[in-house]
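Novice: Sharing a structure below in structure tokens format, with a few things to ask.
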Amino acid sequence: MFRLERHIRAHLDDALARHGVTTTEYMALSELRTREGVSSAELARIAFVTPQAMNLIILDLERRRLIRRDPHPDGGRVRCARLTAEGRSVLRKCDRSLDDIESVMLTGVDDTTRETLAAGLTVCARALRFGTH
């Protein structure tokens, strides 16, 4: 499975780079699509990077106008990130490229096997997300 992950990651990195986005940036943008107003600390946990690294990523995404940050409703220094129209556009392009990778990867895999694979990977993801260490 490690070899598969390396191949997928290489294709993923290449596809996203064509849109000017890193894998970590894509993870952050994708999360902002589902949960607007997420703090950079929360994004760091999701993307498996340090808060300091995510702060640099957020600053760059903001500079490139892919996101904007607004003050947190509760006040304080926390700022909440939101996708901009440009960010949504870049994310859609990235999604199409990743759909293409998935399509190539699953060429020759029948529908029943696809469903079994998807169900098995979902179980694995849940176990890692909610399991204890």
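In the structure tokens, chains take letters A, B, ... by order of appearance, with residues numbered from 1 within each chain and ligands from 1 in the order shown.
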Counting only C-alpha atoms, what is within 10 Å of A:Ala53, bar same-chain residues fewer than 5 positions away, as a PyMOL selection string?
Specialist: chain A and resi 40-41+44+48+58
Novice: Mind writing the picked residues with N, CA and C atoms as a PDB file, in the first residue's frame?
Specialist:
ATOM      1  N   SER A  40      -6.731  28.986  11.269  1.00  0.00           N
ATOM      2  CA  SER A  40      -5.527  28.361  10.710  1.00  0.00           C
ATOM      3  C   SER A  40      -5.024  27.236  11.614  1.00  0.00           C
ATOM      4  N   ALA A  41      -5.277  27.309  12.913  1.00  0.00           N
ATOM      5  CA  ALA A  41      -4.883  26.215  13.811  1.00  0.00           C
ATOM      6  C   ALA A  41      -5.656  24.941  13.475  1.00  0.00           C
ATOM      7  N   ALA A  44      -4.313  23.525  10.251  1.00  0.00           N
ATOM      8  CA  ALA A  44      -3.022  22.865  10.478  1.00  0.00           C
ATOM      9  C   ALA A  44      -3.235  21.426  10.932  1.00  0.00           C
ATOM     10  N   PHE A  48      -2.063  18.173   8.700  1.00  0.00           N
ATOM     11  CA  PHE A  48      -0.903  17.524   9.298  1.00  0.00           C
ATOM     12  C   PHE A  48       0.360  18.368   9.183  1.00  0.00           C
ATOM     13  N   ILE A  58      -1.479  30.090   4.830  1.00  0.00           N
ATOM     14  CA  ILE A  58      -2.661  30.966   4.851  1.00  0.00           C
ATOM     15  C   ILE A  58      -2.292  32.358   4.333  1.00  0.00           C
TER      16      ILE A  58
END
Novice: Assign secondary structure with DSSP using the backbone only, and return the residues of chain A in alpha helix (DSSP H) as a VMD selection string.
Specialist: chain A and resid 2 to 17 23 to 34 40 to 47 51 to 63 85 to 105 111 to 130
Novice: What does the distance between atom CA of A:Ala118 and atom CA of A:Met105 come to in Å, to one decimal place?
Specialist: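 Distance between the two atoms: 13.2 Å.
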Novice: Provide the atom CA of A:Asp110 to atom CA of A:Arg92 distance in Å, to one decimal place.
Specialist: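 These two atoms are separated by 26.8 Å.
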Novice: Measuring atom to atom with only C-alpha atoms, identify which of A:Cys124, A:Glu5, A:Ala10, A:Gly20 is nearest to A:Lys93.
Specialist: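 Looking only at the distances to A:Lys93, the closest residue turns out to be A:Gly20.
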Novice: Any idea what's packed within 9 Å of A:Arg33, counting only C-alpha atoms, ignoring anything in its chain fewer than 5 positions away? Could you give it as a PyMOL selection string?
Specialist: chain A and resi 28+82-83+88+91
Novice: Expressed in Å to a single decimal, how great is the separation between atom CA of A:Leu12 and atom CA of A:Gly87?
Specialist: 18.2 Å
Novice: Taking only C-alpha atoms into account, name the residue in A:Arg64, A:His11, A:Arg6, A:Arg45 that is nearest to A:Ile101.
Specialist: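 Ranking A:Arg64, A:His11, A:Arg6, A:Arg45 by distance to A:Ile101, first place goes to A:His11.
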Novice: With distances taken over only C-alpha atoms, which residue among A:Leu32, A:Ile8, A:Met1, A:Ile46 lies nearest A:Arg129?
Specialist: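 Using only C-alpha atoms, A:Arg129 sits closest to A:Ile46.
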Novice: Could you pull out the residues in chain A that DSSP calls strand (DSSP E) from the backbone, as an MDAnalysis selection string?
Specialist: chainID A and resid 67:71 79:83
Novice: Between A:Asp95, A:Arg18, A:Asp13, A:Gln52, which residue has the minimum interatomic distance to A:Ser30, considering only C-alpha atoms?
Specialist: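 That would be A:Asp95, the residue with the smallest distance to A:Ser30.
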Novice: Please provide as a list of chain:residue names all residues within 8 Å of stretch 68-79 of chain A, with the sequence filter that same-chain residues fewer than 5 positions apart are discarded (counting only C-alpha atoms).
Specialist: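 The filter keeps A:Gly37, A:Ser39, A:Ser40, A:Glu62, A:Thr84.
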Novice: Store the residues picked out above in a file with N, CA and C atoms, as a compact mmCIF listing (two decimals), in the first residue's frame.
Specialist:
# COMPACT_ATOMS: atom_id res chain seq x y z
N GLY A 37 -14.86 29.65 7.67
CA GLY A 37 -14.58 30.26 8.96
C GLY A 37 -13.67 29.45 9.85
N SER A 39 -10.28 28.30 11.58
CA SER A 39 -9.05 28.99 11.96
C SER A 39 -7.85 28.28 11.35
N SER A 40 -6.73 28.99 11.27
CA SER A 40 -5.53 28.36 10.71
C SER A 40 -5.02 27.24 11.61
N GLU A 62 -3.90 33.98 1.02
CA GLU A 62 -4.56 35.29 1.13
C GLU A 62 -3.91 36.28 0.16
N THR A 84 -12.47 32.62 -1.56
CA THR A 84 -12.93 33.69 -2.44
C THR A 84 -13.45 33.03 -3.72
Novice: Which residue is closest to A:Tyr26? Choose from A:Cys80, A:Ile67, A:Met54, A:Cys94 and count only C-alpha atoms.
Specialist: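 Among the listed residues, the smallest separation from A:Tyr26 belongs to A:Cys94.
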